[in-house]
Amino acid sequence: MKANRPKRDVHPDLARERLKCNFNIEEVTNIIDGGKDKTLERKKIEDIALNNGACLDEIPDECLSIKERYENAIRKSCIYSNIVRNEMLEITGMENFESPVLRRTADAFFKDISPFMLHLGMFVPTLIGQSTPEQMAEWLPKALDMKIIGAYAQTELGHGTFIRGLETTATYDPDKEEFVLHSPTITSYKWWAGGLGKTANHCVVMAQLYTQGECHGTHLFIVQIRDLDTHMPLPGIKVGEIGPRMGFSSADNGFLGFNSFRIPRQNMLMKHAKVEKDGCYVKSAKHGKLTYGTMVFIRVTLVSEMSFNLSKAATIAIRYSAVRRQTELRPNEPEPQILDYPTQQHKLFICIATAHAFQLTSKWLWDTFQAVMADVRKGNVDALPELHALSSCLKAVSTSDALSHIEQCRFACGGHGYMLSSNLPFIYSFVAATRTYEGDYTVLLLQTARFLVKAWEQAESGNNVTPTVAYLNRTANTKRVVWDNTHEGIIQSFQAIAAGKIGQCVRSIRDRIKSGMDYEDAWLMTTVQLVAAAEAHCRAVLVNTYWNEMIRLTKSSSANVKTVMHQLAVLYLMYWALEKTGDLLKYSSVSKQDLDDLQRRYEELLAALRPNAVSLVDAFDLRDEILHSSLGSYDGCVYERLMEEAQKSPLNAEPVNPSFHKYIKPLMQGKL
Ligand SMILES: CCCCCCCCCCCCCCCCCCCCC/C=C/C(=O)SCCNC(=O)CCNC(=O)[C@H](O)C(C)(C)COP(=O)(O)OP(=O)(O)OC[C@H]1O[C@@H](n2cnc3c(N)ncnc32)[C@H](O)[C@@H]1OP(=O)(O)O
Ligand SMILES: Cc1cc2nc3c(=O)[nH]c(=O)nc-3n(C[C@H](O)[C@H](O)[C@H](O)COP(=O)(O)OP(=O)(O)OC[C@H]3O[C@@H](n4cnc5c(N)ncnc54)[C@H](O)[C@@H]3O)c2cc1C
């Protein structure tokens with residue numbers, strides 16, 4: 001049911017903030033969306049979804065029981081998927097089913113997450129990326145039409161990171177032309193898959209393939225797990241929900257075990273390898289890791305997902321900071337808006353800049369991904385290692401940075417930021433999971449580090465390396481870069497830090513080998529440094545890409561938009577330079593005086609951005625229905641909304657709670 005919200009006048013402090021804006025908000029929105037057309041398309045889609053849908057709940061999700069929350073999420077998912085199927089995909093085109101607009105609009109329906117998210121987010125992309133044309137023709141239309149609902153079951157109780165260690169087996173039986181899926185141990189039970197517990201009737205399963213007595217490693221299979229009519233688990237399937245967790249509370253993350261469960265041979269996803277009727281294994285892929293393709297795809301999409309989540313948190317915290325007043329600066333003067341405190345600006349303006357940095361970088365990464373995949377389709381897999389290294393580190397660093405900045409947004413809202421009605425705790429717990437899923441932070445940075453060490457050795461011996469590490473050709477044999485406080489200088493310093501750290505890792509590994517260790521131990525002992533080197537490389541990529549994309553995308557912008565976009569990018573460079581002063585001192589010629597100057601310029605930039613702060617978050621163009629926040633709505637009526645939300649607490653349904661008569665009164669009377 002749709003709840004009606006009273007229309008309120010905009011809070012005078014927010015109204016005054018908007019009058020200070022000196023740039024064209026719509027132009028900035030267009031840059032974020034990827035062009036004027038994209039903004040129009042997004043707005044049209046949002047109108048369709050939000051004018052049709054049951055987006056607001058009478059009772060907040062957090063006041064429902066686990067079961068009620070799930071059932072409500074399913075109800076809304078069905079409404080939303082109908083709108084997606086019947087109206088939105090008409091606009092975006094069927095091939096853009098994963099469009100960020102659909103993801104963004106979904107937030108108006110789900111404060112937390114839809115149990116269908118993994119169907120569209122991973123099941124469908126796996127069908128597209130891993131099926132033969134015949135398999136695609138069989139499964140994809142059913143999946144897009146919601147005739148089947150899928151999950152992605154890879155992780156097991158015993159293994160998430162180490163995919164080669166998965167224990168579920170798929171053994172081919174040539175007599176019946178079937179695979180037999182089996183979970184031999186408790187640790188082999190599939191665990192975590194979103195939507196698997198109660199919602200999905202199909203799933204993609206990763207299992208060790210055995211045929212003709214030989215194990216060929218992990219492969220993907222499509223498996224029906226529930227009856228399409230009764231929804232009962234099929235015989236041989238044990239499936240359920242894994243229990244309450246930190247977030248993801250409206251989705252049914254599931255477990256799944258197989259007891260010699262049979263599926264037809266055609267259910268092995270055979271784009272990159274197949275098993276013939278007689279059991280003969282034939283590999284067609286030119287790269288052994290193409291079955292990991294869905295993970296690479298999601299890692300790429302997560303960078304823009306992080307921008308979106310950060311833009312929500314920044315909008316909430318900045319609007320709140322414009323209406324919140326606290327502490328007299330001088331006796332008898334009005335209390336200032338907390339946004340006037342430079343410490344508050346330091347917490348928050350970096351969130352706006354980072355949302356831009358991730359958004360612009362994510363578009364560039366998406367284009368890179370598309371280009372590499374086009375090459376792969378033609379049989380050229382040369383660029384795959386670089387894409388894997390890039391998507392791994394950008395996923396790791398963007399999720400980790402988004403998480404800590406979102407926490408800063410919560411700190412910036414004081415006690416009220418702790419309220420679920422602010423939505424900051426939901427955003428935080430959603431993003432907290434992204435640092436772990438689709439590859440844990442450390443594990444992915446170590447993947448990037450493998451690539452970097454090889455690239456460093458190439459550059460050291462004078463060979464040209466691939467574009468994202470091309471800076472190694474300039475810096476691999478340089479000791480310290482000369483400090484220069486322009487944007488080019490700061491970007492080069494980040495590259496010098498990365499090169500210096502990678503070089504140090506290579507030397508550590510070599511020294512350890514010289515002292516008698518084997519390569520594996522030398523690598524292991526160096527992993528703390530390797531993670532730091534991969535993070536440094538990622539920061540070098542981020543600052544460079546953000547800067548270049550900002551310049552490219554503002555070429556035809558009006559002067560004030562150019563200025564404000566430039567200011568944000570400079571803020572981003574300076575913030576990270578100041579965060580990494582130890583590294584700068586180690587790998588560049590920066591002096592104490594240079595760092596003091598940088599600090600002063602950073603503080604001046606905070607002050608310069610201050611008048612445009614509210615308009616910069618308005619430019620994210622996040623409708624109240626998407627923000628779900630008592631603190632962040634466009635009108636800024638924070639206190640009215642907090643009070644309104646408080647009334648919805650189930651504890652306020654009755655003036656006296658029965659526990660008073662049952663426990664407190666007897667306690668007071670000494671009768672307990
Ligand atoms: C209509 C309905 C509407 C309903 C409403 C919903 C609306 C929503 C709509 C929008 C949809 C959009 C959704 C977007 C949001 C998405 C949200 C998604 C939520 C996701 C939830 C989570 C899911 C999961 O977590 S799935 C499980 C993921 N698991 C992992 O990531 C595991 C991590 N581990 C690994 O990746 C590997 O094990 C690894 C890489 C660590 C090691 O692998 P290995 O096999 O052991 O390899 P190794 O020996 O170390 O390396 C050998 C060699 O191979 C290279 N390598 C490894 N991986 C790759 C790769 N992927 N590509 C290329 N190369 C690779 C590696 O680098 C080595 O190279 P060399 O050094 O050269 O030897
Ligand atoms: C909300 C949520 C949703 C999920 N959804 C799905 C889903 O839909 N489908 C699915 O298949 N999976 C899903 N997952 C599982 C997820 O992909 C895994 O949890 C993730 O890949 C991490 O693996 P793990 O849990 O085995 O952690 P572990 O690998 O056990 O990590 C534990 C710690 O060990 C460290 N570590 C592990 N290996 C190494 C190493 N080689 N070197 C250094 N340190 C190491 C890690 O850094 C980490 O600190 C989901 C998880 C979450 C939290």
# chains A, B, ... in the order shown; residues from 1 in each chain; ligands from 1

call {"tool": "residues_near_ligand", "arguments": {"ligand": "ligand 2", "cutoff": "8 Å", "atoms": "only C-alpha atoms and all ligand atoms", "output": "JSON, numbers by chain"}}
result
{"A": [118, 122, 151, 152, 153, 154, 155, 156, 157, 158, 159, 160, 161, 162, 190, 191, 192, 193, 194, 195, 196, 247, 248, 253, 430, 433, 434, 436, 437, 438, 439, 440, 441, 442, 443, 446, 527]}

call {"tool": "residues_near_ligand", "arguments": {"ligand": "ligand 1", "cutoff": "7 Å", "atoms": "only C-alpha atoms and all ligand atoms", "output": "PyMOL selection string"}}
result
chain A and resi 77+80-82+84-85+98-100+102-103+106+114+116-118+120-122+144+146+152+154-155+160-164+193-194+289-290+292-293+295-296+298+301-302+305+384-385+388+437-440+443-444+447+450-451

call {"tool": "residues_around", "arguments": {"residues": "A:Lys662", "least_positions_apart": "5", "cutoff": "10 Å", "atoms": "only C-alpha atoms", "output": "PyMOL selection string"}}
result
chain A and resi 657+667+672

call {"tool": "residues_around", "arguments": {"residues": "A:Trp576", "least_positions_apart": "6", "cutoff": "12 Å", "atoms": "only C-alpha atoms", "output": "short mmCIF file (atom, residue, chain, number, x, y, z; two decimals) with C-alpha atoms, in the first residue's frame"}}
result
data_model
loop_
_atom_site.label_atom_id
_atom_site.label_comp_id
_atom_site.auth_asym_id
_atom_site.auth_seq_id
_atom_site.Cartn_x
_atom_site.Cartn_y
_atom_site.Cartn_z
CA ILE A 350 35.34 14.14 -0.13
CA ALA A 353 34.19 14.09 -4.95
CA THR A 354 34.55 10.34 -4.49
CA ASP A 401 36.51 3.63 0.38
CA ILE A 490 50.16 15.00 -7.86
CA ILE A 491 49.03 12.32 -10.35
CA SER A 493 53.46 11.31 -7.48
CA PHE A 494 50.72 8.69 -7.06
CA ALA A 536 48.67 2.35 -4.43
CA ARG A 539 44.84 5.04 -6.40
CA ALA A 540 47.14 6.00 -9.28
CA LEU A 542 41.70 6.39 -9.96
CA VAL A 543 43.29 9.85 -9.80
CA ALA A 569 38.69 16.70 -8.75
CA VAL A 570 41.44 18.84 -7.19
CA GLY A 582 54.26 9.23 4.51
CA ASP A 583 54.35 7.68 1.04
CA LEU A 584 54.95 11.04 -0.60
CA LEU A 598 49.03 21.59 0.36
CA GLN A 599 47.12 21.48 3.65
CA TYR A 602 43.00 21.99 0.77
#

call {"tool": "select_by_dssp", "arguments": {"residues": "stretch 49-278 of chain A", "states": "strand (DSSP E)", "output": "PyMOL selection string"}}
result
chain A and resi 150-153+169-173+178-182+190-193+202-211+214-224+237-241+254-258+261-264+273-275

call {"tool": "write_last_selection", "arguments": {"atoms": "C-alpha atoms", "output": "mmCIF file, in the first residue's frame"}}
result
data_model
loop_
_atom_site.group_PDB
_atom_site.id
_atom_site.type_symbol
_atom_site.label_atom_id
_atom_site.label_comp_id
_atom_site.auth_asym_id
_atom_site.auth_seq_id
_atom_site.Cartn_x
_atom_site.Cartn_y
_atom_site.Cartn_z
ATOM 1 C CA GLY A 150 17.415 -18.098 -10.528
ATOM 2 C CA ALA A 151 20.264 -17.697 -8.054
ATOM 3 C CA TYR A 152 24.062 -18.001 -8.327
ATOM 4 C CA ALA A 153 25.326 -20.771 -6.042
ATOM 5 C CA THR A 169 30.820 -32.694 -7.560
ATOM 6 C CA ALA A 170 29.142 -33.103 -10.946
ATOM 7 C CA THR A 171 29.934 -36.593 -12.223
ATOM 8 C CA TYR A 172 28.966 -37.473 -15.762
ATOM 9 C CA ASP A 173 27.015 -40.683 -16.356
ATOM 10 C CA GLU A 178 23.194 -36.987 -17.112
ATOM 11 C CA PHE A 179 25.349 -35.307 -14.494
ATOM 12 C CA VAL A 180 25.011 -36.441 -10.905
ATOM 13 C CA LEU A 181 25.359 -33.520 -8.496
ATOM 14 C CA HIS A 182 26.480 -34.393 -5.020
ATOM 15 C CA LYS A 190 26.329 -24.153 -1.040
ATOM 16 C CA TRP A 191 26.004 -21.169 1.276
ATOM 17 C CA TRP A 192 25.169 -17.491 0.872
ATOM 18 C CA ALA A 193 23.550 -17.390 -2.568
ATOM 19 C CA HIS A 202 16.558 -22.603 -10.503
ATOM 20 C CA CYS A 203 20.171 -21.797 -9.857
ATOM 21 C CA VAL A 204 23.550 -21.772 -11.466
ATOM 22 C CA VAL A 205 25.792 -24.129 -9.529
ATOM 23 C CA MET A 206 29.581 -24.251 -9.623
ATOM 24 C CA ALA A 207 30.875 -27.795 -9.182
ATOM 25 C CA GLN A 208 33.965 -29.947 -9.820
ATOM 26 C CA LEU A 209 33.389 -31.728 -13.101
ATOM 27 C CA TYR A 210 34.263 -35.451 -13.246
ATOM 28 C CA THR A 211 34.057 -37.402 -16.472
ATOM 29 C CA GLU A 214 39.080 -37.508 -14.357
ATOM 30 C CA CYS A 215 38.448 -34.184 -12.575
ATOM 31 C CA HIS A 216 38.457 -31.171 -14.920
ATOM 32 C CA GLY A 217 38.022 -28.469 -12.283
ATOM 33 C CA THR A 218 35.103 -26.185 -11.587
ATOM 34 C CA HIS A 219 32.351 -25.679 -14.174
ATOM 35 C CA LEU A 220 28.892 -24.148 -14.164
ATOM 36 C CA PHE A 221 25.589 -26.017 -14.333
ATOM 37 C CA ILE A 222 22.006 -24.848 -14.474
ATOM 38 C CA VAL A 223 19.879 -26.739 -11.992
ATOM 39 C CA GLN A 224 16.165 -26.750 -11.284
ATOM 40 C CA ILE A 237 17.647 -31.223 -2.957
ATOM 41 C CA LYS A 238 18.073 -29.772 0.519
ATOM 42 C CA VAL A 239 17.546 -26.031 0.446
ATOM 43 C CA GLY A 240 16.843 -23.303 3.008
ATOM 44 C CA GLU A 241 17.714 -19.876 4.324
ATOM 45 C CA GLY A 254 20.369 -19.669 1.036
ATOM 46 C CA PHE A 255 22.073 -23.020 1.571
ATOM 47 C CA LEU A 256 21.820 -25.921 -0.842
ATOM 48 C CA GLY A 257 22.901 -29.545 -0.737
ATOM 49 C CA PHE A 258 22.598 -32.310 -3.335
ATOM 50 C CA PHE A 261 20.750 -35.260 -7.846
ATOM 51 C CA ARG A 262 20.566 -35.813 -11.604
ATOM 52 C CA ILE A 263 20.426 -33.155 -14.326
ATOM 53 C CA PRO A 264 20.531 -33.584 -18.135
ATOM 54 C CA ALA A 273 34.048 -26.272 -22.407
ATOM 55 C CA LYS A 274 31.746 -29.204 -23.037
ATOM 56 C CA VAL A 275 31.201 -32.855 -22.249
#

call {"tool": "residues_around", "arguments": {"residues": "stretch 15-23 of chain A", "least_positions_apart": "3", "cutoff": "10 Å", "atoms": "only C-alpha atoms", "output": "PyMOL selection string"}}
result
chain A and resi 9-12+26-28+319+322-323+558-565+610-616+618+634-636

call {"tool": "decode", "arguments": {"residues": "stretch 378-520 of chain A", "atoms": "C-alpha atoms", "output": "CSV table (one decimal), in the first residue's frame"}}
result
chain,number,residue,atom,x,y,z
A,378,LYS,CA,36.8,-12.9,-31.5
A,379,GLY,CA,39.2,-15.3,-29.7
A,380,ASN,CA,41.7,-12.7,-28.5
A,381,VAL,CA,42.2,-13.0,-24.7
A,382,ASP,CA,45.4,-10.9,-24.5
A,383,ALA,CA,43.8,-8.1,-22.5
A,384,LEU,CA,42.1,-10.4,-20.0
A,385,PRO,CA,44.9,-10.3,-17.3
A,386,GLU,CA,44.9,-6.5,-17.3
A,387,LEU,CA,41.1,-6.4,-17.1
A,388,HIS,CA,41.1,-8.9,-14.2
A,389,ALA,CA,43.8,-6.9,-12.4
A,390,LEU,CA,42.0,-3.6,-13.0
A,391,SER,CA,38.5,-4.8,-12.1
A,392,SER,CA,39.9,-6.6,-9.0
A,393,CYS,CA,41.6,-3.6,-7.5
A,394,LEU,CA,38.9,-1.1,-8.5
A,395,LYS,CA,36.3,-3.3,-6.9
A,396,ALA,CA,38.4,-3.7,-3.7
A,397,VAL,CA,39.3,0.0,-3.3
A,398,SER,CA,35.9,1.4,-4.3
A,399,THR,CA,33.9,-0.8,-1.9
A,400,SER,CA,36.4,-0.2,0.9
A,401,ASP,CA,36.5,3.6,0.4
A,402,ALA,CA,32.7,3.9,-0.1
A,403,LEU,CA,32.3,2.0,3.2
A,404,SER,CA,34.5,4.3,5.2
A,405,HIS,CA,33.1,7.5,3.7
A,406,ILE,CA,29.5,6.3,4.3
A,407,GLU,CA,30.5,5.7,8.0
A,408,GLN,CA,31.8,9.3,8.0
A,409,CYS,CA,28.4,10.4,6.7
A,410,ARG,CA,26.8,8.7,9.6
A,411,PHE,CA,29.3,10.3,12.1
A,412,ALA,CA,28.5,13.6,10.4
A,413,CYS,CA,24.8,13.2,11.4
A,414,GLY,CA,25.5,12.6,15.1
A,415,GLY,CA,22.9,10.6,17.0
A,416,HIS,CA,20.3,10.9,14.3
A,417,GLY,CA,22.6,9.2,11.8
A,418,TYR,CA,22.3,6.1,14.0
A,419,MET,CA,18.5,5.9,13.4
A,420,LEU,CA,17.4,3.4,10.8
A,421,SER,CA,15.0,6.0,9.5
A,422,SER,CA,18.0,8.1,8.4
A,423,ASN,CA,18.7,5.1,6.0
A,424,LEU,CA,22.5,5.5,6.7
A,425,PRO,CA,22.7,2.2,8.6
A,426,PHE,CA,21.0,0.4,5.7
A,427,ILE,CA,23.4,1.9,3.2
A,428,TYR,CA,26.3,1.1,5.4
A,429,SER,CA,25.4,-2.5,6.0
A,430,PHE,CA,24.7,-3.1,2.3
A,431,VAL,CA,28.0,-1.6,1.3
A,432,ALA,CA,29.8,-3.5,4.1
A,433,ALA,CA,28.9,-6.7,2.3
A,434,THR,CA,30.3,-5.5,-1.0
A,435,ARG,CA,33.8,-5.3,0.5
A,436,THR,CA,33.6,-9.1,1.0
A,437,TYR,CA,31.4,-10.5,-1.7
A,438,GLU,CA,32.5,-11.0,-5.3
A,439,GLY,CA,36.0,-11.4,-3.9
A,440,ASP,CA,37.3,-10.2,-0.5
A,441,TYR,CA,39.3,-6.9,-0.4
A,442,THR,CA,42.7,-8.5,0.4
A,443,VAL,CA,42.2,-11.4,-1.9
A,444,LEU,CA,41.4,-9.2,-4.9
A,445,LEU,CA,44.3,-6.8,-4.2
A,446,LEU,CA,46.6,-9.8,-4.2
A,447,GLN,CA,45.3,-10.8,-7.6
A,448,THR,CA,46.2,-7.3,-8.9
A,449,ALA,CA,49.6,-7.6,-7.2
A,450,ARG,CA,50.4,-10.8,-9.2
A,451,PHE,CA,49.9,-8.8,-12.4
A,452,LEU,CA,51.8,-5.8,-11.1
A,453,VAL,CA,54.9,-7.8,-10.1
A,454,LYS,CA,55.0,-9.3,-13.7
A,455,ALA,CA,54.5,-5.8,-15.2
A,456,TRP,CA,57.3,-4.4,-13.1
A,457,GLU,CA,59.7,-7.1,-14.2
A,458,GLN,CA,58.8,-6.4,-17.8
A,459,ALA,CA,59.3,-2.6,-17.4
A,460,GLU,CA,62.6,-3.2,-15.5
A,461,SER,CA,63.9,-5.1,-18.5
A,462,GLY,CA,63.0,-2.3,-20.8
A,463,ASN,CA,59.8,-3.9,-22.4
A,464,ASN,CA,56.7,-1.8,-22.9
A,465,VAL,CA,53.8,-2.7,-20.6
A,466,THR,CA,50.1,-2.5,-21.0
A,467,PRO,CA,48.3,0.9,-20.7
A,468,THR,CA,47.2,1.0,-17.1
A,469,VAL,CA,50.7,0.2,-15.9
A,470,ALA,CA,52.5,2.3,-18.6
A,471,TYR,CA,53.7,4.6,-15.8
A,472,LEU,CA,56.1,1.8,-14.8
A,473,ASN,CA,58.0,2.3,-18.0
A,474,ARG,CA,58.7,5.9,-16.9
A,475,THR,CA,59.2,5.3,-13.2
A,476,ALA,CA,60.4,1.7,-12.6
A,477,ASN,CA,64.1,2.7,-12.5
A,478,THR,CA,63.6,6.2,-10.9
A,479,LYS,CA,64.3,6.6,-7.2
A,480,ARG,CA,62.2,9.6,-6.3
A,481,VAL,CA,59.9,11.8,-8.4
A,482,VAL,CA,60.4,15.5,-8.2
A,483,TRP,CA,57.4,17.0,-6.3
A,484,ASP,CA,55.2,19.4,-8.2
A,485,ASN,CA,52.0,20.7,-6.6
A,486,THR,CA,50.0,20.9,-9.9
A,487,HIS,CA,47.4,18.2,-10.7
A,488,GLU,CA,49.8,16.6,-13.1
A,489,GLY,CA,52.5,16.6,-10.4
A,490,ILE,CA,50.2,15.0,-7.9
A,491,ILE,CA,49.0,12.3,-10.3
A,492,GLN,CA,52.7,11.6,-11.2
A,493,SER,CA,53.5,11.3,-7.5
A,494,PHE,CA,50.7,8.7,-7.1
A,495,GLN,CA,52.3,6.8,-9.9
A,496,ALA,CA,55.7,7.1,-8.4
A,497,ILE,CA,54.3,5.8,-5.0
A,498,ALA,CA,52.8,2.8,-6.8
A,499,ALA,CA,56.0,2.1,-8.8
A,500,GLY,CA,58.1,2.5,-5.7
A,501,LYS,CA,55.9,0.1,-3.7
A,502,ILE,CA,55.8,-2.5,-6.4
A,503,GLY,CA,59.6,-2.3,-6.9
A,504,GLN,CA,60.0,-2.7,-3.1
A,505,CYS,CA,57.9,-5.9,-3.2
A,506,VAL,CA,59.9,-7.3,-6.1
A,507,ARG,CA,63.1,-6.6,-4.1
A,508,SER,CA,61.7,-8.2,-0.9
A,509,ILE,CA,60.6,-11.3,-2.8
A,510,ARG,CA,64.1,-11.6,-4.4
A,511,ASP,CA,65.9,-11.0,-1.1
A,512,ARG,CA,63.8,-13.7,0.6
A,513,ILE,CA,64.5,-16.1,-2.2
A,514,LYS,CA,68.2,-15.3,-2.0
A,515,SER,CA,68.1,-16.1,1.7
A,516,GLY,CA,66.8,-19.6,0.9
A,517,MET,CA,63.0,-19.3,0.8
A,518,ASP,CA,61.1,-20.8,-2.1
A,519,TYR,CA,59.0,-18.5,-4.2
A,520,GLU,CA,55.6,-19.3,-2.5
